[in-house]
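Here's the structure we're looking at; comments come further down.
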Amino acid sequence: MDIHHRIAQRLRELRSARGYSLDALAERSGVSRSNISLIERGESSPTAAVLDKLAVGLGVALASFFDDGGEGSEGGEGMQAPSPHIRAADQPQWQDPASGYVRRRLSPPAPSPLQLVEVVFPPGQRVALDSAVPGADIHQQVWLLEGRMELTVGDTLWPLAAGDCLAMQLNQPIVFHNPGTAPARYLVALATVAPFAAFTPFAPPAPLGPRSQPPPRVAAPTTPTTARRKP
């Protein structure tokens, strides 16, 4: 599927799943109703900044627009489960119309709490993302493979050289900037952490089966009720 049609389909799916009208999503995201409609019809190529606003309005990570989606794609008759393998030639690629940065999704379609993304970021470009996903515990690490990058996470500026890795949580604004004269290439790892309350560290012991029941307890001998008389 073409990447623009994939984004259009995912936006429709995510909006429908939350029961938002075009007007409701426009109000929540700050993106105009007409622009949302054009994106959903595949007639507009949204920038990373616009997709980020829509992601925040929907309460999802920006990466959700590049997923295969597929609510109901598993378990249906005659439908195959998503593959845990993807060839390099089949990895979907998207270019931001504003900055020109290229995003390649490396992860296969099979569901996973971990996603891998490769980004090539042009020199001198800057992309500012809100990245505050309400109610979600999403962690991200950026491993710079080539070039230079400056990441501003919240109010903190982190200069990165090749080989450096930076961890962050998607709960605050993040600015990506390439201050160099050559393209930068980096790997992004995204992980969604399940709520702690849903984790049960200790399961109750399984009931004993008929072969594993303990042997019956044998009572100790008791003293006779009639004591022996003294001679």
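Each chain of the structure tokens is named A, B, ... in the order shown, its residues numbered from 1; ligands are numbered from 1 in display order.
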Q.
Would you pick out the contacts of stretch 21-36 of chain A at 7 Å or less, using only C-alpha atoms, so that residues sharing its chain but fewer than 5 positions from it are not included, and give the list as a count of residues only?
A. 4
- DSSP strand (DSSP E or B) residues within stretch 58-189 of chain A, listed as JSON, numbers by chain: {"A": [93, 94, 95, 102, 103, 104, 105, 114, 115, 116, 117, 118, 119, 120, 121, 126, 127, 128, 129, 138, 139, 140, 141, 142, 143, 144, 145, 146, 148, 149, 150, 151, 152, 153, 156, 157, 158, 159, 160, 161, 165, 166, 167, 168, 169, 174, 175, 176, 177, 184, 185, 186, 187, 188, 189]}
| field | Residues near A:Thr152, cut-off 7 Å, only C-alpha atoms, skip fewer than 2 positions along chain, as a list in words | value |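 Answer for this query is Glu150, Gly154, Asp155, Thr156, Leu157, Trp158, Ile174, Val175 and Phe176 of chain A.
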For the residues selected in the previous step, produce a file with C-alpha atoms as a short mmCIF file (atom, residue, chain, number, x, y, z; two decimals), in the first residue's frame.
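Contents of the output file result.cif:
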```cif
data_model
loop_
_atom_site.label_atom_id
_atom_site.label_comp_id
_atom_site.auth_asym_id
_atom_site.auth_seq_id
_atom_site.Cartn_x
_atom_site.Cartn_y
_atom_site.Cartn_z
CA GLU A 150 20.79 18.25 18.54
CA GLY A 154 11.63 19.69 27.24
CA ASP A 155 14.06 22.46 28.22
CA THR A 156 17.25 20.39 27.93
CA LEU A 157 19.49 20.46 24.86
CA TRP A 158 21.37 17.22 24.08
CA ILE A 174 10.99 17.37 21.47
CA VAL A 175 12.91 19.36 18.83
CA PHE A 176 15.13 17.55 16.30
#
```
Nearest to A:Pro92 among A:Arg105, A:Arg18, A:Arg126, A:His5, with distances taken over only C-alpha atoms: which residue is it?
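Among the listed residues, A:Arg105 lies closest to A:Pro92.
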Set the distance at 10 Å and use only C-alpha atoms: which residues neighbour A:Val127 once local chain neighbours fewer than 5 positions away are removed? I'd like the list as a PDB file with C-alpha atoms, in the first residue's frame.
```
ATOM      1  CA  THR A  47       3.922  17.319   7.421  1.00  0.00           C
ATOM      2  CA  ALA A  48       5.416  15.729  10.522  1.00  0.00           C
ATOM      3  CA  ALA A  49       4.188  18.701  12.576  1.00  0.00           C
ATOM      4  CA  ASP A  96       8.324  14.871   5.519  1.00  0.00           C
ATOM      5  CA  ALA A  98       8.478  20.349   5.104  1.00  0.00           C
ATOM      6  CA  SER A  99      11.943  19.279   6.300  1.00  0.00           C
ATOM      7  CA  TYR A 101      13.627  13.991   6.557  1.00  0.00           C
ATOM      8  CA  PHE A 121      17.748  13.879   8.601  1.00  0.00           C
ATOM      9  CA  LEU A 151      17.728  17.081  20.456  1.00  0.00           C
ATOM     10  CA  ILE A 174      10.995  17.374  21.472  1.00  0.00           C
ATOM     11  CA  VAL A 175      12.908  19.356  18.835  1.00  0.00           C
ATOM     12  CA  PHE A 176      15.134  17.551  16.304  1.00  0.00           C
ATOM     13  CA  HIS A 177      17.851  19.667  14.655  1.00  0.00           C
ATOM     14  CA  ASN A 178      20.761  18.765  12.410  1.00  0.00           C
TER      15      ASN A 178
END
```
